[in-house]
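Asker: Can you keep this structure in mind? I'll have questions shortly.
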Amino acid sequence: MHKFGDVILGGIFTFNFFTESSELYFTSKPNHPICFGFHPLGFRQAQTMAFAVEEINRNSMLLPNISLGYNLYDSCGNLWNSLSAALSMTSGSGEHFQLNESCYGYPPVLGIVGDSSSTRTIAISSLVSLYRVPMVSYYSTCSCLTDRGRFPSFFRTIPSDAFQVRAMLQIVRRFKWTWLGLLISDDDYGLNVARSFQSDLAESGRGCLAYLEALPKINDLDQLQRIVGIMKKSTSRVVIVFAYENHMLNLLEEVVKQNVTGLQWMASEAWATAINLQTPSYMPFLAGTLGIAIRRGEIPGLRDFLLRIRPDNDTLSTQDNNLVKQFWEHIFQCKFVSPGMEFEGQTQERLCTGNEILRNVDTEYLELSNLRPEYNVYKAVYALAHALHDLLQCVPGSGPFKGQSCARLQGLEPWQLLYYMQKVNFTTDFGDQVSFDENGDVLPIYDVMNWMWLSDGSTEVKNVGEVKELASEIDDLILKDEQIFWNFESKKPPKSVCSEGCPPGTRMAIKKDNFNEAKFITFSMLVFCAVWVAFIPAYINSPAKYADAVEVFAILASSFGLLLALFGPKCYIIILKPEKNTKKALMGRGKPIS
């Protein structure tokens, strides 16, 4: 998607989920991968960037007499595509397009909005940082991206996982849950979250993990059966999941099979509002879920902009029109006939006319009551625009560059815009402040969501609070406890603690007969030493004919003493007290006594 302007902003979005690569022969230039599996929400996020650019161009107070343009690429959920797009935008080697009536070419990109994946963003940011091109991600949360040494030009309008972990722990502490299960995705996102979660949990000293498991990237049934089996056997009632929607879909299939109920689920922002999980088959298990979600925002005028899109629009380039046709075919479940293609008999799908009415279709593309990633895209575009506006307000002689000079629109370099990005500070029409700290992180705030299962069988994901950072390392949790739906008979929060506390008038009695390896090793050494200490005077004072017998007796006594002291207690527990041969018993849980 392209639009000409005095300054061009780049964007990387996921229009399609999958790619199909052609074979490599190393004798010719490889073809671009074929993308398929259209993603309407990814397309909507790209349209939000286009809308923000158009809105800024109409605003006489922001960048007056300057027109913004854009050059948007499809990552297809593929690292190669994302890197290729980033390299094209930063090096000026991308596909040329019509700039205006008389010009055709590829203008420089001064800032990039994207990507949606932490793994892809790590690779892209490493590349664009070499050119000092500002890059603002709307969905990449990995805390590793705060490393200014590795990613000096990276910013984001979504809080990092470091705050997401702290926000989750705030909710956990609110309900005094200390015995937790943790599931993560097996990638940069999940592994970094696990590291932060364990570190923060240990530092607070207010809880411990019953288990930590990485969900497989593919639908590995053996792995999923093993993980769900662990969840089923565990005494932890709270399961925290930092993973994506596709991981949860695979996991829930096995949860339903094994009928694992009675759990309190906690959702990371990656699936806290996922519509595909809110189904009648899953809600008996997921109802009552608490999750943290990206801050919701409102973007007036976006719906009308989305409804303007039509195939064969005269203002669209051929490439853009092909993308719109792909969108149209997905929404209306029809097919456009390509020139020279015989349609009849090739497919059962109906023909697209291009005159279908978009506003009459019930589609998530037009469901704008829950704008979260789109709101982050909107803020990212405005952050770049405000940085450019501040740059152009510079007065020669008092500028920040060499000799107190200012940057000029003609010959503007990305590193000059980068300087002003660090100082951006504005408030959106929705009332949210946007500014970046020294690591490129935005002022963090999350909505707290609760999955409600209503009496008529329908589902509502309701905002029941928010958690935000007031100052460094100081988090504020506002929660409407009385509005939370709990999927338990008691209609109250479950208990999930490492050990139950004692009722009034009782004390904790520690269990003394558990197996303690160190204790029995010490005792066996004492037996061994006692035998050989006694052997010395007995051997010296024994007549010659009995000396060998005393030595043999000492050897046998010390050997049997070691065997009995080391293995006797183990055999006793295994054979006579098998109920104590459990993890719970070994951890020495106490029980209250009067």
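Please note that chains go A, B, ... in the order of the structure tokens, that every chain numbers its residues from 1, and that ligands are numbered from 1 in the order shown.
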Identify all residues of region 326-574 of chain A in strand (DSSP E) (DSSP on the backbone) and supply them as a PDB file with C-alpha atoms, in the first residue's frame.
Answerer:
ATOM      1  CA  CYS A 334     -16.597 -14.612  -3.489  1.00  0.00           C
ATOM      2  CA  LYS A 335     -14.051 -14.627  -6.303  1.00  0.00           C
ATOM      3  CA  ARG A 350     -19.776 -17.078  -6.379  1.00  0.00           C
ATOM      4  CA  LEU A 351     -18.521 -14.179  -8.457  1.00  0.00           C
ATOM      5  CA  ASN A 425       5.263  14.197  24.566  1.00  0.00           C
ATOM      6  CA  PHE A 426       1.606  14.635  23.561  1.00  0.00           C
ATOM      7  CA  THR A 427      -1.893  13.622  24.631  1.00  0.00           C
ATOM      8  CA  GLN A 433      -0.345  10.692  27.379  1.00  0.00           C
ATOM      9  CA  VAL A 434       2.302   9.433  24.950  1.00  0.00           C
ATOM     10  CA  SER A 435       5.984   9.840  25.799  1.00  0.00           C
ATOM     11  CA  ILE A 445      -0.965   1.094  31.213  1.00  0.00           C
ATOM     12  CA  TYR A 446      -3.131  -2.032  30.831  1.00  0.00           C
ATOM     13  CA  ASP A 447      -6.828  -2.768  31.079  1.00  0.00           C
ATOM     14  CA  VAL A 448      -7.815  -5.684  33.349  1.00  0.00           C
ATOM     15  CA  MET A 449     -10.337  -7.940  31.581  1.00  0.00           C
ATOM     16  CA  ASN A 450     -12.721 -10.577  32.951  1.00  0.00           C
ATOM     17  CA  TRP A 451     -14.393 -13.306  30.850  1.00  0.00           C
ATOM     18  CA  MET A 452     -18.037 -13.403  31.871  1.00  0.00           C
ATOM     19  CA  TRP A 453     -20.341 -16.309  31.046  1.00  0.00           C
ATOM     20  CA  THR A 459     -19.993 -14.291  26.576  1.00  0.00           C
ATOM     21  CA  GLU A 460     -18.807 -10.835  27.524  1.00  0.00           C
ATOM     22  CA  VAL A 461     -15.196  -9.787  28.058  1.00  0.00           C
ATOM     23  CA  LYS A 462     -15.575  -6.878  30.449  1.00  0.00           C
ATOM     24  CA  ASN A 463     -13.121  -4.243  31.615  1.00  0.00           C
ATOM     25  CA  VAL A 464     -12.980  -4.546  35.432  1.00  0.00           C
ATOM     26  CA  GLY A 465     -10.014  -2.321  36.158  1.00  0.00           C
ATOM     27  CA  GLU A 466      -6.640  -1.010  35.074  1.00  0.00           C
ATOM     28  CA  VAL A 467      -3.027  -1.225  36.134  1.00  0.00           C
ATOM     29  CA  LYS A 468      -0.524   1.497  35.334  1.00  0.00           C
ATOM     30  CA  GLU A 469       2.866   2.772  36.364  1.00  0.00           C
ATOM     31  CA  LEU A 470       2.729   5.930  38.453  1.00  0.00           C
ATOM     32  CA  ALA A 471       6.497   6.259  38.841  1.00  0.00           C
ATOM     33  CA  ILE A 474       5.600   1.816  41.465  1.00  0.00           C
ATOM     34  CA  ASP A 475       2.493   0.202  40.017  1.00  0.00           C
ATOM     35  CA  ASP A 476      -1.114   1.150  40.714  1.00  0.00           C
ATOM     36  CA  LEU A 477      -3.884  -1.469  40.429  1.00  0.00           C
ATOM     37  CA  ILE A 478      -7.505  -0.337  40.306  1.00  0.00           C
ATOM     38  CA  LEU A 479      -9.873  -3.324  40.378  1.00  0.00           C
ATOM     39  CA  ARG A 507      -0.505 -23.791  65.514  1.00  0.00           C
ATOM     40  CA  MET A 508       1.396 -25.400  62.659  1.00  0.00           C
ATOM     41  CA  ALA A 509       2.694 -28.880  63.425  1.00  0.00           C
TER      42      ALA A 509
END
Asker: Name all residues at most 8 Å from region 10-20 of chain A (count only C-alpha atoms; drop same-chain ones fewer than 4 positions away) and give them as a ChimeraX atom specification.
Answerer: /A:33-43,45-46,70-78,82,85,89,109-116
Asker: Write out as a list in words the residues lying within 7 Å of Ser118 (chain A), counting only C-alpha atoms and excluding same-chain residues fewer than 2 positions away.
Answerer: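 With the cut-off at 7 Å, the set is Ser116, Arg120, Thr121, Ile122, Ser140, Thr141, Cys142, Asp188 and Tyr189 of chain A.
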Asker: Using Å and a single decimal, report how far CA of Phe197 (chain A) sits from CA of Asn259 (chain A).
Answerer: 28.0 Å
